[in-house]
Structures are given as structure tokens and as C-alpha cells.
file structure-v2.cif (mmCIF, C-alpha atoms)
data_start
loop_
_atom_site.label_atom_id
_atom_site.label_comp_id
_atom_site.auth_asym_id
_atom_site.auth_seq_id
_atom_site.Cartn_x
_atom_site.Cartn_y
_atom_site.Cartn_z
CA MET A 25 29.56 61.67 19.43
CA ALA A 26 31.39 58.98 17.50
CA LYS A 27 31.20 55.23 17.48
CA SER A 28 32.96 52.45 15.63
CA PHE A 29 33.74 48.77 15.93
CA ALA A 30 36.59 46.39 15.17
CA VAL A 31 36.76 42.62 14.77
CA ASP A 32 38.85 41.09 17.56
CA THR A 33 38.45 37.42 16.62
CA ALA A 34 37.16 36.51 13.17
CA ALA A 35 34.99 33.49 12.46
CA ALA A 36 36.90 30.22 12.60
CA ALA A 37 34.86 28.60 9.79
CA ALA A 38 33.25 29.52 6.49
CA ILE A 39 29.49 29.16 6.02
CA LEU A 40 30.08 27.11 2.85
CA THR A 41 32.69 24.56 1.90
CA THR A 42 34.43 24.54 -1.44
CA ALA A 43 32.66 21.24 -2.21
CA GLU A 44 29.22 22.75 -1.50
CA ALA A 45 29.92 25.67 -3.79
CA LYS A 46 31.30 23.41 -6.53
CA THR A 47 28.18 21.23 -6.37
CA HIS A 48 26.03 24.35 -6.75
CA LEU A 49 28.21 25.56 -9.64
CA LYS A 50 28.35 22.10 -11.24
CA VAL A 51 32.16 22.30 -11.27
CA ASP A 52 34.00 18.97 -11.14
CA THR A 53 37.64 20.06 -11.44
CA SER A 54 39.91 21.61 -8.84
CA ALA A 55 41.35 24.25 -11.19
CA ASP A 56 39.15 27.03 -9.76
CA ASP A 57 39.12 25.97 -6.10
CA THR A 58 41.08 28.99 -4.84
CA TYR A 59 38.96 31.35 -6.93
CA ILE A 60 35.75 29.74 -5.63
CA ASP A 61 36.98 30.05 -2.03
CA ASN A 62 37.68 33.75 -2.63
CA ILE A 63 34.17 34.23 -4.04
CA ILE A 64 32.67 32.44 -1.02
CA SER A 65 34.55 34.81 1.27
CA ALA A 66 33.54 37.93 -0.68
CA ALA A 67 29.91 36.81 -1.00
CA THR A 68 29.74 36.07 2.74
CA GLU A 69 31.19 39.49 3.60
CA SER A 70 28.70 41.20 1.28
CA ALA A 71 25.78 39.28 2.82
CA GLN A 72 26.99 40.15 6.33
CA ILE A 73 27.16 43.85 5.43
CA PHE A 74 23.70 43.69 3.82
CA THR A 75 22.14 42.07 6.90
CA ASN A 76 24.25 43.87 9.52
CA ARG A 77 25.21 40.49 11.00
CA TYR A 78 28.09 38.11 11.41
CA PHE A 79 26.99 34.57 10.62
CA ILE A 80 29.66 32.45 12.36
CA ASN A 81 30.72 33.45 15.90
CA THR A 82 32.88 36.57 15.74
CA THR A 83 34.15 38.70 18.63
CA ILE A 84 33.98 42.43 18.13
CA THR A 85 34.63 45.52 20.22
CA GLN A 86 32.41 48.53 19.78
CA HIS A 87 33.99 51.85 20.72
CA GLY A 88 32.34 55.13 21.58
CA ASP A 89 32.99 58.52 23.04
CA THR A 90 29.91 58.46 25.32
CA TRP A 91 27.79 55.86 27.12
CA ASN A 92 25.07 56.42 24.54
CA ASP A 93 27.43 55.13 21.83
CA ILE A 94 27.20 51.60 23.21
CA SER A 95 23.50 51.65 24.12
CA THR A 96 22.76 49.86 20.83
CA LEU A 97 25.21 47.25 19.58
CA PHE A 98 26.05 47.46 15.89
CA LYS A 99 26.07 43.82 14.89
CA SER A 100 23.69 40.93 15.49
CA LYS A 101 22.92 38.22 16.68
CA VAL A 102 24.63 38.91 20.00
CA SER A 103 25.19 35.70 21.97
CA SER A 104 27.18 37.16 24.86
CA ILE A 105 28.77 40.33 26.17
CA THR A 106 32.32 39.84 27.40
CA HIS A 107 32.81 43.18 29.13
CA ILE A 108 32.21 46.92 29.11
CA LYS A 109 35.29 49.04 29.76
CA TYR A 110 35.68 52.77 30.10
CA PHE A 111 38.18 55.49 30.90
CA ASP A 112 37.16 57.22 34.13
CA SER A 113 37.48 60.93 34.87
CA ASP A 114 41.15 60.32 35.80
CA ASN A 115 41.68 58.74 32.35
CA SER A 116 42.29 55.30 33.89
CA GLU A 117 40.73 52.27 32.21
CA GLN A 118 38.10 50.52 34.32
CA THR A 119 35.70 47.60 33.83
CA LEU A 120 32.06 48.49 34.41
CA ALA A 121 30.62 46.16 37.06
CA THR A 122 27.81 43.88 35.89
CA SER A 123 25.80 45.13 38.86
CA VAL A 124 25.47 48.48 37.03
CA TRP A 125 24.33 47.46 33.56
CA ILE A 126 21.80 45.16 31.94
CA SER A 127 21.64 43.84 28.40
CA ASP A 128 18.87 42.75 26.10
CA ILE A 129 20.57 40.38 23.66
CA ASN A 130 17.24 38.94 22.51
CA HIS A 131 16.41 42.27 20.88
CA GLN A 132 18.02 42.86 17.49
CA PRO A 133 19.96 45.06 17.57
CA ALA A 134 20.96 44.22 21.13
CA ARG A 135 20.72 46.94 23.76
CA ILE A 136 22.59 47.92 26.91
CA GLY A 137 21.05 49.95 29.70
CA LEU A 138 21.23 50.64 33.40
CA LYS A 139 19.89 48.42 36.13
CA PRO A 140 17.40 50.12 38.49
CA ASN A 141 18.90 52.81 40.73
CA GLN A 142 22.23 52.74 38.90
CA SER A 143 24.07 55.37 36.89
CA PHE A 144 26.98 55.33 34.52
CA PRO A 145 30.24 56.73 35.92
CA SER A 146 31.76 59.92 34.54
CA LEU A 147 33.98 59.45 31.52
CA ALA A 148 37.28 61.00 30.55
CA ASP A 149 36.97 63.69 27.89
CA ARG A 150 38.63 61.65 25.16
CA ILE A 151 38.03 59.70 21.99
CA ASN A 152 36.85 56.10 22.56
CA ALA A 153 36.20 56.63 26.24
CA VAL A 154 34.02 53.50 26.39
CA ASN A 155 34.02 50.09 24.69
CA CYS A 156 31.96 46.95 24.73
CA LYS A 157 33.33 43.57 23.69
CA TYR A 158 30.74 41.03 22.54
CA VAL A 159 30.27 37.86 20.51
CA VAL A 160 27.93 37.78 17.52
CA GLY A 161 26.87 34.94 15.28
CA TYR A 162 24.48 32.02 15.00
CA GLY A 163 27.08 29.57 16.32
CA SER A 164 30.52 28.17 15.62
CA ALA A 165 29.59 25.90 12.69
CA ALA A 166 28.14 26.45 9.23
CA SER A 167 25.22 24.20 10.20
CA ASP A 168 24.19 26.83 12.79
CA VAL A 169 23.56 29.42 10.05
CA PRO A 170 19.97 29.62 8.72
CA GLU A 171 19.55 27.92 5.36
CA GLY A 172 18.14 31.10 3.78
CA ILE A 173 21.45 32.87 4.40
CA ARG A 174 23.49 29.96 3.09
CA GLN A 175 21.36 29.81 -0.07
CA ALA A 176 21.72 33.56 -0.60
CA VAL A 177 25.50 33.23 -0.43
CA LEU A 178 25.37 30.28 -2.87
CA LEU A 179 23.29 32.35 -5.30
CA THR A 180 25.81 35.17 -5.05
CA VAL A 181 28.73 32.77 -5.57
CA GLY A 182 27.00 31.40 -8.67
CA ASN A 183 26.34 34.86 -10.08
CA TRP A 184 29.88 36.10 -9.46
CA TYR A 185 31.45 32.89 -10.78
CA GLU A 186 29.50 33.13 -14.05
CA ASN A 187 29.97 36.91 -14.42
CA ARG A 188 33.65 37.45 -13.66
CA GLN A 189 34.02 40.81 -15.34
CA ASN A 190 32.98 44.06 -13.71
CA VAL A 191 30.78 44.96 -16.69
CA VAL A 192 28.32 42.59 -18.32
CA VAL A 193 25.91 44.13 -20.84
CA GLY A 194 22.43 44.24 -19.31
CA HIS A 195 23.54 43.18 -15.81
CA SER A 196 24.94 44.81 -12.71
CA VAL A 197 27.43 42.34 -11.27
CA ASN A 198 28.89 44.49 -8.51
CA GLU A 199 26.04 43.88 -6.06
CA LEU A 200 24.18 41.01 -4.52
CA PRO A 201 21.76 39.36 -6.95
CA LYS A 202 18.09 40.27 -6.38
CA SER A 203 17.27 36.66 -5.45
CA ALA A 204 19.97 36.74 -2.76
CA GLN A 205 18.73 40.11 -1.50
CA TYR A 206 15.22 38.68 -1.27
CA LEU A 207 16.44 35.78 0.88
CA LEU A 208 18.60 38.03 3.07
CA GLU A 209 15.96 40.71 3.61
CA GLN A 210 14.25 38.62 6.30
CA PHE A 211 17.52 38.55 8.30
CA LYS A 212 18.37 42.26 7.93
CA VAL A 213 18.82 44.22 11.16
CA GLN A 214 18.38 47.99 11.09
CA THR A 215 20.74 50.02 13.26
CA VAL A 216 21.68 53.66 13.44
CA CYS A 217 25.46 54.02 13.12
#
call {"tool": "encode", "arguments": {"input": "structure-v2.cif", "output": "C-alpha cells"}}
result
Amino acid sequence: MAKSFAVDTAAAAAILTTAEAKTHLKVDTSADDTYIDNIISAATESAQIFTNRYFINTTITQHGDTWNDISTLFKSKVSSITHIKYFDSDNSEQTLATSVWISDINHQPARIGLKPNQSFPSLADRINAVNCKYVVGYGSAASDVPEGIRQAVLLTVGNWYENRQNVVVGHSVNELPKSAQYLLEQFKVQTVC
């Protein structure tokens, strides 16, 4: 049994603007704008990994060798499932009919199961015999993201901006600050990968 996922379409927007980060940092020049944007990106990625979420709408495909590998979807908050595809016993790719499966996208992590009196078709004996494409995120705009997440990313940006070196005596700067972790903990989704 093996399962993995890949990003098909990344978020079209950042959860923070350069101006928002600069206001938080009390920076009034443009000399560090590129550096600040890079920190925003890195801090957002770290927060997404910590919470097991994507914050702005992102399309991903989850792959698995068996039907069980897509019964729980890795990332949250699932807003829609585009399709479920599989390689049948003749090793031909098919789309699983929506009359066969049901989803629970309100549950986090989201789940996929069978409708009553249905069964999953036989799969080819191969790697990545089944995949599920779905959209995760709170919405398409930064304003859709909960303020607690945005503040956690701002705190991380501030910490990493002030502590640019990988070693600062008395501090660990290679992880999310404790205050950011505290804010993000309420959004964390536990999955078994």
C-alpha cells in the first residue's frame, strides 16, 4: 500500500500582501520587498504543512495503489472533488461513476466511501492504480482565510525577518514560533499518511 499527492494547480494568490507584512514589520522602504515576499511564501508553506491544509484554493491529485489509499483525503478543507480515476483490470484508465461513490467533505480530513449496494471495481496490479483530484482551501482570496492563520503567518514572517541567520544564541529559528504554533493548532487536521 502506498499513497502520495501532487499539486496540480497552485493557489493563485498569497494570504498576505507585501504591504501587510511591511506594516507588521514596521518597514517603510522597498529595499527588502523581494526578501519579505520570499519569507511570506516560506512561512505560508510551513503553516500549511503544520496544519495539513492549503489556505487558498489549490487543486491536488492524491494517488494510491488501492481503493483504501483514497478513502481519506490528505489535505483539508476540501471544497469539491473533481473526479476519481482508476486503472481497471485490463490496465485501462477509467473514471469512477459518481453513482458508485459518496464523499464527506464536511469531515476533516474528508472521506470517500461507497454508496449503498455498490462496490469498487477491480484494479490493475500496478503502482498508482487509483487517483482522486480535488480542490482544497478556504476560498480564492486572502480574505477567505481565517484571521488566526493569517496572524500566525505574520508572526512567523516577523520572527524570520528579525532572525535571518540559521543560528541565534538562545533561539531556534528554523521552526514556527511558539505563538504561531499556538494560533495554528486550532486549525490542524490529523491524517494518517
call {"tool": "resolve_selection", "arguments": {"input": "structure-v2.cif", "expression": "the PyMOL selection byres ((chain A and resi 72) around 10)", "output": "JSON, numbers by chain"}}
result
{"A": [66, 67, 68, 69, 70, 71, 73, 74, 75, 76, 77, 78, 79, 99, 100, 173, 177, 208, 211, 212]}
call {"tool": "residues_near_point", "arguments": {"input": "structure-v2.cif", "point": "(23.4, 49.3, 33.1)", "cutoff": "7 Å", "atoms": "only C-alpha atoms", "output": "list in words"}}
result
Val124, Trp125, Ile126, Ile136, Gly137, Leu138, Lys139 and Gln142 of chain A
call {"tool": "resolve_selection", "arguments": {"input": "structure-v2.cif", "expression": "the PyMOL selection byres ((chain A and resi 44-59) around 10)", "output": "PyMOL selection string"}}
result
chain A and resi 39-43+60-65+175+177-179+181-183+185-186
call {"tool": "closest_residue", "arguments": {"input": "structure-v2.cif", "among": "A:Gln214, A:Ser203, A:Ser167, A:Asn92", "to": "Ala37 in chain A", "atoms": "all atoms listed in the file"}}
result
A:Ser167
call {"tool": "closest_residue", "arguments": {"input": "structure-v2.cif", "among": "A:Lys202, A:Arg135, A:Arg188, A:Arg150", "to": "Val102 in chain A", "atoms": "all atoms listed in the file"}}
result
A:Arg135
call {"tool": "axis_aligned_box", "arguments": {"input": "structure-v2.cif", "around": "range 160-168 of chain A", "padding_each_side": "6 Å", "output": "AutoDock Vina command-line options"}}
result
--center_x 27.4 --center_y 31.0 --center_z 13.4 --size_x 18.3 --size_y 25.6 --size_z 20.3
call {"tool": "residues_around", "arguments": {"input": "structure-v2.cif", "residues": "range 31-34 of chain A", "least_positions_apart": "3", "cutoff": "7 Å", "atoms": "only C-alpha atoms", "output": "ChimeraX atom specification"}}
result
/A:82-85
call {"tool": "write_last_selection", "arguments": {"input": "structure-v2.cif", "atoms": "C-alpha atoms", "output": "PDB file, keeping the file's coordinate frame"}}
result
ATOM      1  CA  THR A  82      32.880  36.570  15.740  1.00  0.00           C
ATOM      2  CA  THR A  83      34.150  38.700  18.630  1.00  0.00           C
ATOM      3  CA  ILE A  84      33.980  42.430  18.130  1.00  0.00           C
ATOM      4  CA  THR A  85      34.630  45.520  20.220  1.00  0.00           C
TER       5      THR A  85
END
call {"tool": "atom_distance", "arguments": {"input": "structure-v2.cif", "atom1": "CA of Ser143 in chain A", "atom2": "CA of His131 in chain A"}}
result
22.1 Å
call {"tool": "closest_residue", "arguments": {"input": "structure-v2.cif", "among": "A:Ser127, A:Thr119, A:Asn81, A:Ser95", "to": "Val159 in chain A", "atoms": "all atoms listed in the file"}}
result
A:Asn81
